[in-house]
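I have placed the structure first, in the form of structure tokens, so that the comments after it can refer back to it.
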Amino acid sequence: MRTLTRLTGWATLLVGYATVLLGLVPLRELPPKRQQLLLLGATAVGALCWILASLLVRARRRATLRRKAWRRRYEPWPEPRRSRALAWVLGFGVALTSAAALCQGVGHDGAEGAWLAEVSRAGAGNFDVRVEKIVGEPRSTGVEANDTDQYASTVVVTVPFTSGPQQVTVDDVLTSGMPEKGRTVLLRYVPDRPDLGVRQAPDTDIGSVAGRILVLPAIWILALAAGSVTGLALYRRETSVRYARRFEPWVHLPALAILACGAGLVLPLLLGFPATATGWCLAVASAASPWLALVWVARTS
């Protein structure tokens with residue numbers, strides 16, 4: 001029976017790691033993120049199996065002690081195995097889980113994100129289209145790239161849809177320097193679905209590039225640093241980690257409830273496109289849950 005708890009415990013950790021690593025990679029699928037949802041559900045099932053296996057072990061031990069009580073014999077609970085590897089696994093697991101939650105806040109959100117997901121599923125592509133007319137006065141965004149000001153403007157372009165070319169007005173087109181008639185801009189659309197509209201390709205959005213180039217690597221670096229520190233701290237308290245492997249309802253059930261709340265907070269980011277502020281609040285709150293669960297286990301075990 002103890003073998004069953006070890007198998008279910010390590011299976012939960014491995015599936016959990018797969019879920020976390022998928023959430024950390026920069027090229028993630030757009031919501032609904034079915035792969036991450038599937039792995040998240042598998043992690044929850046694994047945790048439930050570990051709880052049930054642990055309860056069976058506890059029930060079997062109590063039954064054994066009752067049978068031997070009339071002979072006044074006492075069999076001590078077997079010592080748990082050493083947990084040096086587990087200390088590092090848990091240390092990095094907590095940090096990487098927190099980082100994966102934060103990574104869900106990086107990227108397009110709101111109506112823009114929902115549109116990108118819809119056209120991506122319809123087979124959208126990025127195409128260079130020549131500007132035929134500039135509507136109104138371009139406005140500076142206050143952003144510089146390579147010592148050149150960025151401008152936002154409304155332009156008229158002719159898009160070669162499959163059904164025939166159509167003139168389309170595209171708002172908030174960002175360009176490095178003043179936009180000019182005859183200049184090409186990179187637009188995203190579905191050639192055979194003009195009803196889905198045309199917008200600027202996200203790769204030309206300097207803010208989006210900053211998110212991928214600056215924010216994600218910063219999260220990864222902090223996660224590795226935090227994982228190293230946490231793993232070392234748990235390694236030095238290997239005895240506590242060893243005894244924390246043994247299921248105790250008062251210790252593990254609240255910790256699992258905290259983790260479940262964290263997973264619930266990140267679900268809107270896996271299923272849809274909340275507004276920017278809402279999405280980051282959910283991501284930060286979800287990222288705090290692994291640390292709160294670790295603190296609870298450390299204080300009660």
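Following the order of the structure tokens, first chain is A, next is B, and so on, with residues numbered from 1 inside each chain and ligands from 1 in the order they appear.
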May I have all residues of segment 78-203 of chain A that DSSP, computed from the backbone, assigns to strand (DSSP E or B), given as a VMD selection string? chain A and resid 125 to 145 148 to 161 164 to 176 184 to 189 199 to 200
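Each of A:Gly182, A:Thr169, A:Glu137, A:Leu30 was checked against Trp115 of chain A using only C-alpha atoms; the smallest atom-to-atom distance is that of A:Leu30.
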Open item on the list: Report as an MDAnalysis selection string all protein, DNA and RNA residues lying within 12 Å of Pro268 of chain A, evaluated on only C-alpha atoms, omitting residues in the same chain fewer than 2 positions from it.
Closed with: chainID A and resid 31:33 37 101 104:105 109:110 262:266 270:275 278:283 286
Deliver the residues from the most recent selection as a file, using N, CA, C and O atoms, as a CSV table (one decimal), in the first residue's frame.
chain,number,residue,atom,x,y,z
A,31,PRO,N,-6.1,30.9,-25.8
A,31,PRO,CA,-7.3,30.4,-25.1
A,31,PRO,C,-8.4,30.0,-26.1
A,31,PRO,O,-8.5,30.7,-27.1
A,32,PRO,N,-9.2,29.0,-25.8
A,32,PRO,CA,-9.0,28.1,-24.6
A,32,PRO,C,-7.8,27.2,-24.8
A,32,PRO,O,-7.7,26.5,-25.8
A,33,LYS,N,-7.0,27.2,-23.7
A,33,LYS,CA,-5.7,26.4,-23.8
A,33,LYS,C,-6.1,24.9,-23.3
A,33,LYS,O,-5.9,24.6,-22.2
A,37,LEU,N,-5.4,22.9,-19.8
A,37,LEU,CA,-6.5,22.5,-19.0
A,37,LEU,C,-6.6,21.0,-18.8
A,37,LEU,O,-6.9,20.5,-17.7
A,101,ALA,N,2.0,30.7,-13.5
A,101,ALA,CA,0.8,31.6,-13.4
A,101,ALA,C,1.0,33.0,-13.8
A,101,ALA,O,0.2,33.6,-14.5
A,104,GLN,N,0.9,33.6,-17.6
A,104,GLN,CA,-0.4,33.6,-18.3
A,104,GLN,C,-0.9,35.1,-18.4
A,104,GLN,O,-1.8,35.3,-19.2
A,105,GLY,N,-0.3,36.0,-17.7
A,105,GLY,CA,-0.7,37.4,-17.8
A,105,GLY,C,0.0,38.1,-18.9
A,105,GLY,O,-0.4,39.2,-19.3
A,109,ASP,N,-4.8,40.5,-24.6
A,109,ASP,CA,-5.9,40.3,-23.8
A,109,ASP,C,-7.1,41.1,-24.2
A,109,ASP,O,-7.0,41.8,-25.2
A,110,GLY,N,-8.2,41.0,-23.5
A,110,GLY,CA,-9.4,41.7,-23.9
A,110,GLY,C,-9.9,41.4,-25.3
A,110,GLY,O,-9.8,40.3,-25.8
A,262,GLY,N,-5.8,28.7,-6.3
A,262,GLY,CA,-4.8,29.3,-7.3
A,262,GLY,C,-5.1,28.8,-8.7
A,262,GLY,O,-5.1,29.6,-9.6
A,263,ALA,N,-5.4,27.5,-8.8
A,263,ALA,CA,-5.8,27.0,-10.2
A,263,ALA,C,-7.1,27.6,-10.7
A,263,ALA,O,-7.2,28.0,-11.8
A,264,GLY,N,-8.0,27.8,-9.7
A,264,GLY,CA,-9.3,28.5,-10.1
A,264,GLY,C,-9.1,29.9,-10.6
A,264,GLY,O,-9.8,30.4,-11.5
A,265,LEU,N,-8.2,30.6,-9.9
A,265,LEU,CA,-7.9,32.0,-10.3
A,265,LEU,C,-7.3,32.1,-11.7
A,265,LEU,O,-7.6,33.1,-12.4
A,266,VAL,N,-6.5,31.2,-12.1
A,266,VAL,CA,-5.9,31.2,-13.4
A,266,VAL,C,-6.8,30.7,-14.5
A,266,VAL,O,-6.5,30.9,-15.7
A,270,LEU,N,-6.9,30.9,-18.9
A,270,LEU,CA,-6.8,29.7,-19.8
A,270,LEU,C,-8.0,29.6,-20.7
A,270,LEU,O,-7.8,29.0,-21.8
A,271,LEU,N,-9.1,30.1,-20.3
A,271,LEU,CA,-10.3,29.9,-21.0
A,271,LEU,C,-10.7,31.1,-21.9
A,271,LEU,O,-11.4,31.0,-22.9
A,272,GLY,N,-10.2,32.3,-21.6
A,272,GLY,CA,-10.6,33.5,-22.3
A,272,GLY,C,-9.6,34.6,-22.2
A,272,GLY,O,-8.4,34.4,-21.9
A,273,PHE,N,-10.1,35.8,-22.4
A,273,PHE,CA,-9.2,37.0,-22.5
A,273,PHE,C,-9.8,38.1,-21.6
A,273,PHE,O,-10.4,39.0,-22.0
A,274,PRO,N,-9.5,38.1,-20.3
A,274,PRO,CA,-9.9,39.2,-19.4
A,274,PRO,C,-9.1,40.4,-19.8
A,274,PRO,O,-8.1,40.4,-20.5
A,275,ALA,N,-9.7,41.6,-19.3
A,275,ALA,CA,-9.0,42.8,-19.5
A,275,ALA,C,-7.6,42.8,-18.8
A,275,ALA,O,-7.3,42.0,-17.9
A,278,THR,N,-7.5,43.1,-14.9
A,278,THR,CA,-8.1,41.9,-14.3
A,278,THR,C,-7.2,40.7,-14.5
A,278,THR,O,-7.0,39.9,-13.6
A,279,GLY,N,-6.6,40.5,-15.7
A,279,GLY,CA,-5.8,39.4,-16.0
A,279,GLY,C,-4.6,39.3,-15.1
A,279,GLY,O,-4.2,38.3,-14.5
A,280,TRP,N,-3.9,40.5,-14.9
A,280,TRP,CA,-2.7,40.5,-14.1
A,280,TRP,C,-3.0,40.3,-12.6
A,280,TRP,O,-2.3,39.7,-11.9
A,281,CYS,N,-4.2,40.9,-12.2
A,281,CYS,CA,-4.6,40.6,-10.8
A,281,CYS,C,-4.8,39.1,-10.5
A,281,CYS,O,-4.4,38.6,-9.5
A,282,LEU,N,-5.5,38.4,-11.5
A,282,LEU,CA,-5.7,37.0,-11.4
A,282,LEU,C,-4.4,36.2,-11.4
A,282,LEU,O,-4.1,35.3,-10.6
A,283,ALA,N,-3.4,36.7,-12.3
A,283,ALA,CA,-2.2,36.0,-12.4
A,283,ALA,C,-1.3,36.1,-11.2
A,283,ALA,O,-0.7,35.1,-10.7
A,286,SER,N,-2.9,34.1,-8.3
A,286,SER,CA,-2.6,32.6,-8.5
A,286,SER,C,-1.2,32.3,-8.3
A,286,SER,O,-0.9,31.2,-7.7
DSSP says helix (DSSP H, G or I) for which residues of segment 70-235 of chain A? Put them as JSON, numbers by chain?
{"A": [70, 71, 84, 85, 86, 87, 88, 89, 90, 91, 92, 93, 94, 95, 96, 97, 98, 99, 100, 101, 102, 103, 110, 111, 112, 113, 114, 115, 116, 117, 118, 119, 120, 121, 194, 195, 196, 202, 203, 204, 206, 207, 208, 209, 210, 211, 212, 213, 214, 215, 216, 217, 218, 219, 220, 221, 222, 223, 224, 225, 226, 227, 228, 229, 230, 231, 232, 233, 234, 235]}
Would you give me, as JSON lines, each residue of segment 191-246 of chain A having an atom within 10 Å of an atom of segment 126-132 of chain A, along with its shortest atom pair and that distance in Å to one decimal, using only C-alpha atoms and sorting by chain and residue number?
{"residue": "A:Pro191", "atom": "CA", "partner": "A:Phe127", "partner_atom": "CA", "distance": 9.8}
{"residue": "A:Arg199", "atom": "CA", "partner": "A:Asn126", "partner_atom": "CA", "distance": 9.7}
{"residue": "A:Gln200", "atom": "CA", "partner": "A:Asn126", "partner_atom": "CA", "distance": 8.6}
{"residue": "A:Ala201", "atom": "CA", "partner": "A:Asn126", "partner_atom": "CA", "distance": 6.1}
{"residue": "A:Pro202", "atom": "CA", "partner": "A:Asn126", "partner_atom": "CA", "distance": 9.2}
{"residue": "A:Asp203", "atom": "CA", "partner": "A:Asn126", "partner_atom": "CA", "distance": 9.2}
Of the listed residues A:Val297, A:Leu174, A:Val20, A:Ala95, that which approaches Arg245 of chain A most closely, counting only C-alpha atoms
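For Arg245 of chain A, the nearest of the given residues is A:Val297.
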Counting only C-alpha atoms, the residue among A:Ile221, A:Ala226, A:Leu90, A:Val155 that lies closest to Val168 of chain A is A:Val155
